[in-house]
>>> print(open('query_27.tsv').read())   # TSV, C-alpha atoms and all ligand atoms
chain	number	residue	atom	x	y	z
S	857	MET	CA	-111.31	-42.54	-17.38
S	858	SER	CA	-111.48	-41.54	-13.72
S	859	LYS	CA	-110.74	-37.94	-12.73
S	860	ALA	CA	-107.32	-39.03	-11.46
S	861	GLU	CA	-106.55	-40.72	-14.78
S	862	ILE	CA	-107.60	-37.61	-16.71
S	863	THR	CA	-105.33	-35.45	-14.54
S	864	LYS	CA	-102.43	-37.84	-14.99
S	865	ARG	CA	-102.93	-37.92	-18.75
S	866	ASN	CA	-103.02	-34.11	-18.85
S	867	ILE	CA	-99.75	-33.88	-16.89
S	868	ILE	CA	-98.08	-36.33	-19.29
S	869	GLU	CA	-99.26	-34.47	-22.41
S	870	LYS	CA	-98.14	-31.08	-21.13
S	871	ALA	CA	-94.85	-32.47	-19.83
S	872	ALA	CA	-94.12	-34.23	-23.15
S	873	ASN	CA	-94.37	-30.93	-25.03
S	874	LEU	CA	-92.27	-29.10	-22.42
S	875	PHE	CA	-89.47	-31.67	-22.13
S	876	ASN	CA	-89.35	-32.14	-25.90
S	877	GLN	CA	-88.74	-28.42	-26.41
S	878	GLN	CA	-86.72	-27.46	-23.32
S	879	GLY	CA	-84.93	-30.66	-22.31
S	880	PHE	CA	-84.85	-32.32	-18.91
S	881	ALA	CA	-82.88	-29.62	-17.06
S	882	GLY	CA	-84.47	-26.79	-19.03
S	883	ALA	CA	-88.06	-27.70	-18.12
S	884	SER	CA	-88.35	-26.49	-14.54
S	885	MET	CA	-90.89	-27.53	-11.95
S	886	ALA	CA	-92.31	-23.99	-12.27
S	887	ASP	CA	-92.74	-24.55	-16.04
S	888	LEU	CA	-94.47	-27.87	-15.39
S	889	MET	CA	-96.79	-26.25	-12.82
S	890	ALA	CA	-97.64	-23.40	-15.19
S	891	ALA	CA	-98.32	-25.76	-18.11
S	892	THR	CA	-100.52	-28.16	-16.14
S	893	GLY	CA	-102.20	-25.58	-13.88
S	894	LEU	CA	-101.29	-27.78	-10.89
S	895	LYS	CA	-99.32	-27.17	-7.71
S	896	LYS	CA	-96.15	-29.17	-7.08
S	897	GLY	CA	-98.04	-31.61	-4.84
S	898	GLY	CA	-100.65	-32.16	-7.55
S	899	ILE	CA	-97.91	-33.35	-9.89
S	900	TYR	CA	-96.05	-35.42	-7.28
S	901	ASN	CA	-99.33	-37.17	-6.42
S	902	HIS	CA	-98.97	-38.91	-9.78
S	903	PHE	CA	-95.20	-39.12	-10.29
S	904	SER	CA	-92.56	-39.89	-7.68
S	905	SER	CA	-89.97	-37.57	-9.25
S	906	LYS	CA	-89.25	-35.23	-12.14
S	907	GLU	CA	-87.34	-38.11	-13.75
S	908	ALA	CA	-90.32	-40.49	-13.46
S	909	LEU	CA	-92.47	-37.84	-15.16
S	910	ALA	CA	-89.86	-37.30	-17.88
S	911	ILE	CA	-89.86	-41.05	-18.62
S	912	ALA	CA	-93.66	-41.20	-18.84
S	913	ALA	CA	-93.66	-38.09	-21.04
S	914	PHE	CA	-90.99	-39.58	-23.33
S	915	ASP	CA	-92.89	-42.88	-23.67
S	916	TYR	CA	-96.03	-40.95	-24.56
S	917	ALA	CA	-94.18	-38.79	-27.13
S	918	VAL	CA	-92.69	-41.87	-28.78
S	919	SER	CA	-96.09	-43.59	-28.87
S	920	LEU	CA	-97.50	-40.68	-30.89
S	921	TYR	CA	-94.91	-41.37	-33.58
S	922	GLN	CA	-95.36	-45.14	-33.44
S	923	GLN	CA	-99.10	-44.83	-34.08
S	924	ARG	CA	-98.43	-43.09	-37.37
S	925	TYR	CA	-96.15	-45.85	-38.65
S	926	ARG	CA	-98.56	-48.61	-37.66
S	927	HIS	CA	-101.24	-46.93	-39.76
S	928	VAL	CA	-99.19	-46.42	-42.95
S	929	LEU	CA	-97.41	-49.79	-42.87
S	930	ARG	CA	-100.76	-51.54	-43.07
S	931	GLU	CA	-101.42	-49.77	-46.38
S	932	GLN	CA	-98.34	-51.04	-48.21
S	933	ARG	CA	-97.48	-54.58	-49.36
S	934	HIS	CA	-94.12	-54.39	-51.15
S	935	SER	CA	-91.04	-54.04	-48.90
S	936	VAL	CA	-89.64	-51.15	-50.94
S	937	ASP	CA	-92.94	-49.30	-50.65
S	938	ARG	CA	-93.07	-50.01	-46.92
S	939	ILE	CA	-89.58	-48.55	-46.37
S	940	LYS	CA	-90.56	-45.54	-48.45
S	941	ALA	CA	-93.71	-45.16	-46.33
S	942	ILE	CA	-91.56	-45.02	-43.19
S	943	VAL	CA	-89.42	-42.28	-44.77
S	944	THR	CA	-92.42	-40.30	-46.00
S	945	THR	CA	-94.20	-40.61	-42.66
S	946	PHE	CA	-91.22	-39.42	-40.63
S	947	CYS	CA	-90.39	-36.54	-43.00
S	948	GLY	CA	-94.08	-35.59	-43.13
S	949	THR	CA	-94.22	-35.00	-39.38
S	950	ILE	CA	-92.62	-31.60	-39.99
S	951	HIS	CA	-95.88	-30.40	-41.56
S	952	ASN	CA	-98.11	-32.17	-39.08
S	953	PRO	CA	-96.15	-32.70	-35.84
S	954	PRO	CA	-97.61	-35.04	-33.21
S	955	LEU	CA	-96.09	-32.78	-30.54
S	956	GLN	CA	-94.07	-29.58	-30.20
S	957	GLY	CA	-90.26	-29.59	-30.40
S	958	GLY	CA	-89.44	-32.12	-33.11
S	959	CYS	CA	-88.54	-35.80	-32.78
S	960	PRO	CA	-88.34	-36.98	-29.15
S	961	LEU	CA	-85.73	-39.61	-30.05
S	962	ILE	CA	-83.03	-37.21	-31.22
S	963	ASN	CA	-83.97	-34.59	-28.61
S	964	THR	CA	-83.77	-36.99	-25.68
S	965	ALA	CA	-80.67	-38.73	-27.07
S	966	ILE	CA	-78.74	-35.46	-27.28
S	967	ASP	CA	-80.10	-34.29	-23.95
S	968	SER	CA	-79.41	-37.46	-21.97
S	969	ASP	CA	-76.36	-39.18	-23.53
S	970	ASP	CA	-73.79	-37.55	-21.24
S	971	THR	CA	-76.05	-36.58	-18.35
S	972	ASN	CA	-78.85	-39.00	-17.49
S	973	PRO	CA	-78.28	-42.78	-17.83
S	974	VAL	CA	-81.92	-43.63	-17.01
S	975	LEU	CA	-83.37	-41.41	-19.74
S	976	ARG	CA	-80.58	-42.45	-22.10
S	977	ASP	CA	-81.40	-46.15	-21.61
S	978	ARG	CA	-85.07	-45.43	-22.28
S	979	THR	CA	-84.07	-43.64	-25.46
S	980	ARG	CA	-81.91	-46.60	-26.49
S	981	GLN	CA	-84.90	-48.91	-26.04
S	982	ALA	CA	-87.14	-46.67	-28.15
S	983	MET	CA	-84.43	-46.37	-30.80
S	984	ASP	CA	-84.04	-50.18	-30.75
S	985	GLN	CA	-87.75	-50.49	-31.51
S	986	TRP	CA	-87.51	-48.08	-34.43
S	987	ARG	CA	-84.48	-49.93	-35.81
S	988	LEU	CA	-86.33	-53.24	-35.37
S	989	MET	CA	-89.37	-51.93	-37.25
S	990	ILE	CA	-87.06	-51.10	-40.19
S	991	THR	CA	-84.92	-54.27	-40.08
S	992	LYS	CA	-88.03	-56.51	-40.01
S	993	VAL	CA	-89.41	-54.88	-43.16
S	994	VAL	CA	-86.01	-55.08	-44.87
S	995	ASP	CA	-85.33	-58.71	-43.86
S	996	ARG	CA	-88.72	-59.80	-45.13
S	997	GLY	CA	-87.95	-58.00	-48.40
S	998	THR	CA	-84.56	-59.62	-48.96
S	999	LYS	CA	-86.02	-63.03	-48.10
S	1000	SER	CA	-88.95	-62.65	-50.51
S	1001	GLY	CA	-86.71	-61.33	-53.27
S	1002	GLU	CA	-88.34	-57.89	-53.34
S	1003	LEU	CA	-85.13	-56.27	-52.16
S	1004	SER	CA	-81.62	-56.81	-53.48
S	1005	GLU	CA	-79.90	-59.62	-51.55
S	1006	SER	CA	-76.92	-57.39	-50.86
S	1007	VAL	CA	-78.92	-55.10	-48.57
S	1008	ASP	CA	-77.89	-55.37	-44.91
S	1009	SER	CA	-80.90	-54.46	-42.79
S	1010	ASP	CA	-78.94	-53.16	-39.79
S	1011	GLU	CA	-76.77	-50.97	-42.00
S	1012	LEU	CA	-79.80	-49.61	-43.82
S	1013	ALA	CA	-81.55	-48.83	-40.52
S	1014	SER	CA	-78.51	-46.86	-39.28
S	1015	ILE	CA	-78.33	-44.94	-42.56
S	1016	LEU	CA	-82.05	-44.13	-42.79
S	1017	ILE	CA	-82.40	-43.10	-39.14
S	1018	SER	CA	-79.22	-41.01	-39.16
S	1019	THR	CA	-80.22	-39.17	-42.31
S	1020	MET	CA	-83.79	-38.45	-41.22
S	1021	GLU	CA	-82.90	-37.40	-37.68
S	1022	GLY	CA	-80.10	-35.14	-38.89
S	1023	ALA	CA	-82.51	-33.57	-41.38
S	1024	ILE	CA	-85.11	-32.80	-38.73
S	1025	MET	CA	-82.35	-31.13	-36.74
S	1026	LEU	CA	-81.44	-28.89	-39.72
S	1027	THR	CA	-85.05	-28.13	-40.54
S	1028	LYS	CA	-85.81	-27.17	-36.94
S	1029	LEU	CA	-82.61	-25.13	-36.61
S	1030	TYR	CA	-83.45	-23.04	-39.70
S	1031	ASP	CA	-87.23	-23.33	-39.29
S	1032	ASP	CA	-87.22	-24.33	-42.96
S	1033	PRO	CA	-88.71	-27.56	-44.38
S	1034	LEU	CA	-86.22	-27.38	-47.29
S	1035	HIS	CA	-83.64	-29.62	-45.60
S	1036	ILE	CA	-86.01	-32.44	-44.74
S	1037	GLU	CA	-87.59	-32.18	-48.21
S	1038	ARG	CA	-84.16	-32.60	-49.85
S	1039	VAL	CA	-83.39	-35.58	-47.64
S	1040	GLU	CA	-86.78	-37.19	-48.26
S	1041	LYS	CA	-86.28	-36.96	-52.04
S	1042	HIS	CA	-82.75	-38.34	-51.69
S	1043	LEU	CA	-83.76	-41.28	-49.49
S	1044	LEU	CA	-86.77	-42.25	-51.63
S	1045	ALA	CA	-84.48	-42.42	-54.68
S	1046	TYR	CA	-81.89	-44.36	-52.71
S	1047	VAL	CA	-84.42	-46.91	-51.43
S	1048	GLU	CA	-85.95	-47.30	-54.90
S	1049	GLN	CA	-82.50	-48.39	-56.14
S	1050	LEU	CA	-82.63	-51.33	-53.74
S	1051	ARG	CA	-85.68	-52.82	-55.49
S	1052	GLN	CA	-84.86	-56.22	-56.93
S	1053	HIS	CA	-86.15	-56.41	-60.47
S	1054	GLN	CA	-87.54	-59.87	-61.13
S	1055	PRO	CA	-86.45	-61.65	-64.28
S	1056	HIS	CA	-89.21	-61.49	-66.89
S	1057	GLN	CA	-91.70	-64.32	-66.52
S	1058	THR	CA	-91.84	-66.31	-69.72
V	865	MET	CA	-50.90	-14.15	-23.10
V	866	SER	CA	-51.55	-12.01	-20.03
V	867	LYS	CA	-52.76	-13.67	-16.84
V	868	ALA	CA	-56.28	-12.34	-17.55
V	869	GLU	CA	-56.20	-13.82	-21.05
V	870	ILE	CA	-55.06	-17.19	-19.69
V	871	THR	CA	-57.90	-17.17	-17.15
V	872	LYS	CA	-60.43	-16.22	-19.83
V	873	ARG	CA	-59.18	-18.96	-22.14
V	874	ASN	CA	-59.41	-21.51	-19.31
V	875	ILE	CA	-63.02	-20.50	-18.56
V	876	ILE	CA	-63.94	-20.87	-22.25
V	877	GLU	CA	-62.33	-24.32	-22.57
V	878	LYS	CA	-64.00	-25.66	-19.43
V	879	ALA	CA	-67.34	-24.10	-20.33
V	880	ALA	CA	-67.22	-25.52	-23.87
V	881	ASN	CA	-66.91	-29.07	-22.52
V	882	LEU	CA	-69.64	-28.50	-19.94
V	883	PHE	CA	-72.21	-26.85	-22.24
V	884	ASN	CA	-71.52	-29.40	-24.99
V	885	GLN	CA	-72.36	-32.27	-22.61
V	886	GLN	CA	-75.03	-30.73	-20.37
V	887	GLY	CA	-76.68	-28.06	-22.51
V	888	PHE	CA	-77.30	-24.43	-21.64
V	889	ALA	CA	-79.83	-24.95	-18.85
V	890	GLY	CA	-78.14	-28.15	-17.64
V	891	ALA	CA	-74.75	-26.54	-17.03
V	892	SER	CA	-75.30	-24.58	-13.83
V	893	MET	CA	-73.24	-21.70	-12.48
V	894	ALA	CA	-72.12	-24.13	-9.73
V	895	ASP	CA	-70.90	-26.58	-12.41
V	896	LEU	CA	-69.02	-23.77	-14.17
V	897	MET	CA	-67.44	-22.65	-10.88
V	898	ALA	CA	-66.39	-26.22	-10.02
V	899	ALA	CA	-64.92	-26.82	-13.48
V	900	THR	CA	-62.95	-23.57	-13.61
V	901	GLY	CA	-62.03	-23.36	-9.93
V	902	LEU	CA	-63.30	-19.77	-9.91
V	903	LYS	CA	-65.91	-17.93	-7.87
V	904	LYS	CA	-68.94	-16.48	-9.63
V	905	GLY	CA	-67.32	-13.03	-9.66
V	906	GLY	CA	-64.18	-14.48	-11.24
V	907	ILE	CA	-66.26	-15.73	-14.16
V	908	TYR	CA	-68.42	-12.60	-14.45
V	909	ASN	CA	-65.22	-10.49	-14.58
V	910	HIS	CA	-64.73	-11.93	-18.05
V	911	PHE	CA	-68.29	-12.53	-19.29
V	912	SER	CA	-71.30	-10.31	-18.79
V	913	SER	CA	-73.74	-13.24	-18.52
V	914	LYS	CA	-74.06	-17.01	-18.72
V	915	GLU	CA	-75.34	-16.54	-22.28
V	916	ALA	CA	-72.28	-14.49	-23.28
V	917	LEU	CA	-70.09	-17.29	-21.91
V	918	ALA	CA	-72.14	-19.94	-23.74
V	919	ILE	CA	-71.65	-18.07	-27.03
V	920	ALA	CA	-67.88	-17.77	-26.51
V	921	ALA	CA	-67.72	-21.46	-25.55
V	922	PHE	CA	-69.73	-22.47	-28.63
V	923	ASP	CA	-67.50	-20.40	-30.96
V	924	TYR	CA	-64.45	-22.03	-29.43
V	925	ALA	CA	-65.94	-25.54	-29.77
V	926	VAL	CA	-66.78	-24.93	-33.44
V	927	SER	CA	-63.28	-23.56	-34.11
V	928	LEU	CA	-61.76	-26.84	-32.88
V	929	TYR	CA	-63.70	-28.66	-35.62
V	930	GLN	CA	-62.94	-26.06	-38.29
V	931	GLN	CA	-59.19	-26.38	-37.70
V	932	ARG	CA	-59.32	-30.06	-38.59
V	933	TYR	CA	-61.05	-29.45	-41.92
V	934	ARG	CA	-58.65	-26.68	-42.90
V	935	HIS	CA	-55.78	-29.09	-42.43
V	936	VAL	CA	-57.16	-32.03	-44.41
V	937	LEU	CA	-58.61	-29.94	-47.26
V	938	ARG	CA	-55.14	-28.64	-48.05
V	939	GLU	CA	-53.98	-32.21	-48.66
V	940	GLN	CA	-56.51	-33.08	-51.38
V	941	ARG	CA	-56.78	-31.69	-54.92
V	942	HIS	CA	-59.72	-33.49	-56.58
V	943	SER	CA	-63.21	-32.30	-55.53
V	944	VAL	CA	-64.43	-35.86	-54.91
V	945	ASP	CA	-61.45	-36.53	-52.66
V	946	ARG	CA	-61.99	-33.25	-50.85
V	947	ILE	CA	-65.64	-34.11	-50.11
V	948	LYS	CA	-64.54	-37.55	-48.93
V	949	ALA	CA	-61.94	-35.91	-46.69
V	950	ILE	CA	-64.70	-33.83	-45.07
V	951	VAL	CA	-66.72	-37.00	-44.41
V	952	THR	CA	-63.73	-38.94	-43.08
V	953	THR	CA	-62.63	-36.05	-40.86
V	954	PHE	CA	-66.05	-35.58	-39.31
V	955	CYS	CA	-66.66	-39.30	-38.79
V	956	GLY	CA	-63.14	-39.68	-37.41
V	957	THR	CA	-63.80	-37.23	-34.59
V	958	ILE	CA	-65.55	-40.05	-32.75
V	959	HIS	CA	-62.16	-41.70	-32.15
V	960	ASN	CA	-60.32	-38.46	-31.49
V	961	PRO	CA	-62.85	-35.89	-30.26
V	962	PRO	CA	-61.72	-32.24	-30.09
V	963	LEU	CA	-63.94	-31.85	-27.02
V	964	GLN	CA	-66.28	-33.86	-24.80
V	965	GLY	CA	-69.96	-34.36	-25.68
V	966	GLY	CA	-69.99	-34.84	-29.46
V	967	CYS	CA	-70.59	-32.29	-32.20
V	968	PRO	CA	-71.39	-28.79	-30.86
V	969	LEU	CA	-73.52	-28.00	-33.92
V	970	ILE	CA	-76.15	-30.69	-33.39
V	971	ASN	CA	-75.99	-30.34	-29.60
V	972	THR	CA	-76.54	-26.59	-29.61
V	973	ALA	CA	-79.12	-26.79	-32.41
V	974	ILE	CA	-81.27	-29.26	-30.47
V	975	ASP	CA	-80.73	-27.38	-27.22
V	976	SER	CA	-81.50	-23.89	-28.52
V	977	ASP	CA	-83.99	-24.22	-31.40
V	978	ASP	CA	-87.11	-23.80	-29.27
V	979	THR	CA	-85.58	-22.03	-26.27
V	980	ASN	CA	-82.80	-19.53	-26.99
V	981	PRO	CA	-82.93	-17.40	-30.17
V	982	VAL	CA	-79.48	-15.89	-29.57
V	983	LEU	CA	-77.70	-19.26	-29.31
V	984	ARG	CA	-79.87	-20.63	-32.13
V	985	ASP	CA	-78.83	-17.78	-34.44
V	986	ARG	CA	-75.18	-18.39	-33.58
V	987	THR	CA	-75.68	-22.07	-34.42
V	988	ARG	CA	-77.30	-21.13	-37.74
V	989	GLN	CA	-74.26	-18.99	-38.59
V	990	ALA	CA	-71.87	-21.83	-37.76
V	991	MET	CA	-74.00	-24.29	-39.76
V	992	ASP	CA	-74.05	-21.78	-42.67
V	993	GLN	CA	-70.24	-21.82	-42.62
V	994	TRP	CA	-70.11	-25.60	-42.71
V	995	ARG	CA	-72.62	-25.74	-45.56
V	996	LEU	CA	-70.60	-23.06	-47.41
V	997	MET	CA	-67.39	-25.06	-46.99
V	998	ILE	CA	-69.12	-28.02	-48.67
V	999	THR	CA	-70.92	-26.08	-51.42
V	1000	LYS	CA	-67.69	-24.28	-52.42
V	1001	VAL	CA	-65.87	-27.59	-52.90
V	1002	VAL	CA	-68.83	-29.05	-54.81
V	1003	ASP	CA	-69.36	-26.00	-57.04
V	1004	ARG	CA	-65.69	-25.93	-57.97
V	1005	GLY	CA	-65.96	-29.63	-58.82
V	1006	THR	CA	-68.99	-29.30	-61.09
V	1007	LYS	CA	-67.42	-26.30	-62.82
V	1008	SER	CA	-64.12	-28.08	-63.45
V	1009	GLY	CA	-65.88	-31.26	-64.63
V	1010	GLU	CA	-64.58	-33.40	-61.76
V	1011	LEU	CA	-68.11	-33.86	-60.45
V	1012	SER	CA	-71.22	-34.82	-62.37
V	1013	GLU	CA	-73.00	-31.68	-63.63
V	1014	SER	CA	-76.25	-32.91	-62.14
V	1015	VAL	CA	-74.99	-32.49	-58.55
V	1016	ASP	CA	-76.71	-29.65	-56.68
V	1017	SER	CA	-74.28	-28.38	-54.06
V	1018	ASP	CA	-76.91	-27.13	-51.60
V	1019	GLU	CA	-78.79	-30.43	-51.78
V	1020	LEU	CA	-75.61	-32.42	-51.28
V	1021	ALA	CA	-74.63	-30.27	-48.27
V	1022	SER	CA	-78.03	-30.90	-46.63
V	1023	ILE	CA	-77.71	-34.64	-47.26
V	1024	LEU	CA	-74.12	-35.00	-46.03
V	1025	ILE	CA	-74.62	-32.88	-42.92
V	1026	SER	CA	-77.92	-34.56	-42.01
V	1027	THR	CA	-76.47	-38.04	-42.37
V	1028	MET	CA	-73.27	-37.36	-40.43
V	1029	GLU	CA	-74.96	-35.44	-37.60
V	1030	GLY	CA	-77.65	-38.09	-37.23
V	1031	ALA	CA	-74.96	-40.76	-37.11
V	1032	ILE	CA	-73.01	-39.01	-34.37
V	1033	MET	CA	-76.26	-38.86	-32.39
V	1034	LEU	CA	-76.77	-42.65	-32.76
V	1035	THR	CA	-73.14	-43.43	-31.98
V	1036	LYS	CA	-73.22	-41.27	-28.85
V	1037	LEU	CA	-76.59	-42.64	-27.75
V	1038	TYR	CA	-75.34	-46.25	-27.94
V	1039	ASP	CA	-71.71	-45.41	-27.13
V	1040	ASP	CA	-70.90	-47.51	-30.18
V	1041	PRO	CA	-68.85	-46.36	-33.21
V	1042	LEU	CA	-70.71	-48.89	-35.41
V	1043	HIS	CA	-73.35	-46.40	-36.55
V	1044	ILE	CA	-70.95	-43.70	-37.67
V	1045	GLU	CA	-68.75	-46.32	-39.33
V	1046	ARG	CA	-71.72	-47.61	-41.35
V	1047	VAL	CA	-72.65	-44.08	-42.37
V	1048	GLU	CA	-69.07	-43.18	-43.28
V	1049	LYS	CA	-68.81	-46.22	-45.58
V	1050	HIS	CA	-72.20	-45.40	-47.12
V	1051	LEU	CA	-71.38	-41.72	-47.74
V	1052	LEU	CA	-67.93	-42.43	-49.20
V	1053	ALA	CA	-69.53	-44.84	-51.70
V	1054	TYR	CA	-72.27	-42.32	-52.47
V	1055	VAL	CA	-69.83	-39.47	-53.07
V	1056	GLU	CA	-67.58	-41.68	-55.24
V	1057	GLN	CA	-70.58	-42.23	-57.52
V	1058	LEU	CA	-70.68	-38.50	-58.20
V	1059	ARG	CA	-67.22	-38.56	-59.80
V	1060	GLN	CA	-67.39	-37.50	-63.46
V	1061	HIS	CA	-65.40	-39.90	-65.56
V	1062	GLN	CA	-63.63	-38.01	-68.33
V	1063	PRO	CA	-63.97	-39.30	-71.88
V	1064	HIS	CA	-60.76	-41.07	-72.93
V	1065	GLN	CA	-58.21	-38.67	-74.40
V	1066	THR	CA	-57.31	-39.68	-77.93
Y	1101	MG	MG	-75.60	-34.79	-25.15
Y	1102	MG	MG	-84.81	-28.40	-29.24
>>> encode(input="query_27.tsv", output="structure tokens")
Amino acid sequence: MSKAEITKRNIIEKAANLFNQQGFAGASMADLMAATGLKKGGIYNHFSSKEALAIAAFDYAVSLYQQRYRHVLREQRHSVDRIKAIVTTFCGTIHNPPLQGGCPLINTAIDSDDTNPVLRDRTRQAMDQWRLMITKVVDRGTKSGELSESVDSDELASILISTMEGAIMLTKLYDDPLHIERVEKHLLAYVEQLRQHQPHQT
Amino acid sequence: MSKAEITKRNIIEKAANLFNQQGFAGASMADLMAATGLKKGGIYNHFSSKEALAIAAFDYAVSLYQQRYRHVLREQRHSVDRIKAIVTTFCGTIHNPPLQGGCPLINTAIDSDDTNPVLRDRTRQAMDQWRLMITKVVDRGTKSGELSESVDSDELASILISTMEGAIMLTKLYDDPLHIERVEKHLLAYVEQLRQHQPHQT
């Protein structure tokens, strides 16, 4: 990496942690300068606006989560086990967070939905990708007979994402892993119920 | 109400809608002045600081939700039906919101958890009250035999609140009621399963 690329990468990493904790309006230019050790011009050399930086920081934050899923999905074969791995991986981030401030999807959704259409649309795209990751696993499972035919993949994605994101909100509010642990246990049992038991081979 | 009380109430109502959409840092003094039609001094006559106003606005926003539950809980007798009424009432707010910006609990939790301990503690207290409302209904149900003995009220409160709050986030992000409708259907079916069926009277 060139020196310019290293600087840019450093700005993105620091900005991702700031925006994820303080929100778009709450992370000031002064905060960004303090975190990166750069003057305003040093940041604007690399990003045309605070919004352009927030988008790059969000993309980076989301990529840190995506990497974790890619890794664990490769280790599981059965659709039920793959869905469970998604749940366990997300809930496990509380003990081993890829960045400060919790999940960038819920944070940026809440922050941008009524205030910033550009950031909101980026969050929709990232959420679409997460939903797609889940629906692909589920659809393959219903097709192969591993999952009960009655499972609707889009419905299940809405339910899983809602429950996990709400739980990270509670756990961060109380600074207590209890809530996400309860939800993880609940969702693993729920997903296990969707396993299609094959008729005995005779 | 005196003229001063009417003015104060108007500031709180306008501020509640602003903070709930834009967050604490995102709602500027200029926004508050424009929304209330008051000068800075006119607002500071009634509130010692922006934070004091944010707390009063949050309490007011939460009270709008609490009123709805009080009403519907009076109409149901059976614990299972009372829990379902809580779910239906919360999910129904999407079609008939008591204020702009979605649920003040998730919004203020996400906004304050890493930035503002005073607002965060207020949000914890409000969340404690919501959890208590649910656990009281559940505990009465397990004691009376209406609900399966195996139901843990604190666990169920974490699960219900997580799922509903996450769903309101998705629905607001996409501006699409689909997600909260899926979650409502899912939770009503889940709660129905917890109903204890009495042995036949002979
Ligand atoms: Mg919002
Ligand atoms: Mg936060």
>>> residues_around(input="query_27.tsv", residues="segment 959-975 of chain S", least_positions_apart="3", cutoff="9 Å", atoms="only C-alpha atoms", output="NGL selection string")
(:S and (872 or 875-877 or 879-881 or 907 or 910-911 or 914 or 917-918 or 921 or 949 or 953 or 955-956 or 978-980 or 982-983 or 1021-1022 or 1024-1025)) or (:V and (885-887 or 890 or 965 or 970-971 or 974-975 or 1030 or 1033-1034 or 1036-1039))
>>> residues_around(input="query_27.tsv", residues="Arg946 of chain V", least_positions_apart="6", cutoff="10 Å", atoms="all atoms listed in the file", output="list in words")
Tyr933, Val936, Leu937, Arg938, Glu939, Gln940, Thr952, Ile998, Val1001, Val1002 and Gly1005 of chain V
>>> write_last_selection(input="query_27.tsv", atoms="C-alpha atoms", output="PDB file, keeping the file's coordinate frame")
ATOM      1  CA  TYR V 933     -61.050 -29.450 -41.920  1.00  0.00           C
ATOM      2  CA  VAL V 936     -57.160 -32.030 -44.410  1.00  0.00           C
ATOM      3  CA  LEU V 937     -58.610 -29.940 -47.260  1.00  0.00           C
ATOM      4  CA  ARG V 938     -55.140 -28.640 -48.050  1.00  0.00           C
ATOM      5  CA  GLU V 939     -53.980 -32.210 -48.660  1.00  0.00           C
ATOM      6  CA  GLN V 940     -56.510 -33.080 -51.380  1.00  0.00           C
ATOM      7  CA  THR V 952     -63.730 -38.940 -43.080  1.00  0.00           C
ATOM      8  CA  ILE V 998     -69.120 -28.020 -48.670  1.00  0.00           C
ATOM      9  CA  VAL V1001     -65.870 -27.590 -52.900  1.00  0.00           C
ATOM     10  CA  VAL V1002     -68.830 -29.050 -54.810  1.00  0.00           C
ATOM     11  CA  GLY V1005     -65.960 -29.630 -58.820  1.00  0.00           C
TER      12      GLY V1005
END
>>> atom_distance(input="query_27.tsv", atom1="atom CA of Arg926 of chain S", atom2="atom CA of Ile1023 of chain V")
26.9 Å
>>> closest_residue(input="query_27.tsv", among="S:Val1039, S:Ala1023, S:Ala860, S:Ala886", to="His902 of chain S", atoms="only C-alpha atoms")
S:Ala860
>>> atom_distance(input="query_27.tsv", atom1="atom CA of Thr1019 of chain S", atom2="atom CA of Lys1007 of chain V")
27.4 Å
>>> atom_distance(input="query_27.tsv", atom1="atom CA of Asp985 of chain V", atom2="atom CA of Asn952 of chain S")
24.5 Å
>>> closest_residue(input="query_27.tsv", among="V:Gly906, V:Glu877, V:Leu1024, V:Arg984", to="ligand MG 1102 (chain Y)", atoms="only C-alpha atoms and all ligand atoms")
V:Arg984
>>> closest_residue(input="query_27.tsv", among="S:Asn873, S:Asn901, S:Thr892, S:Ser935", to="chain V", atoms="only C-alpha atoms")
S:Asn873
>>> residues_around(input="query_27.tsv", residues="Leu1011 of chain V", least_positions_apart="4", cutoff="6 Å", atoms="only C-alpha atoms", output="JSON, numbers by chain")
{"V": [1005, 1006, 1058, 1059, 1060]}
>>> closest_residue(input="query_27.tsv", among="V:Gln993, V:Ser892, V:Ser1014, V:Thr999", to="chain S", atoms="all atoms listed in the file")
V:Ser892
>>> closest_residue(input="query_27.tsv", among="S:Tyr900, S:Ile862, S:Thr1027, S:Lys895", to="ligand MG 1102 (chain Y)", atoms="only C-alpha atoms and all ligand atoms")
S:Thr1027
>>> closest_residue(input="query_27.tsv", among="S:Tyr916, S:Leu894, S:Ser1000, S:Lys906", to="Arg865 of chain S", atoms="all atoms listed in the file")
S:Tyr916
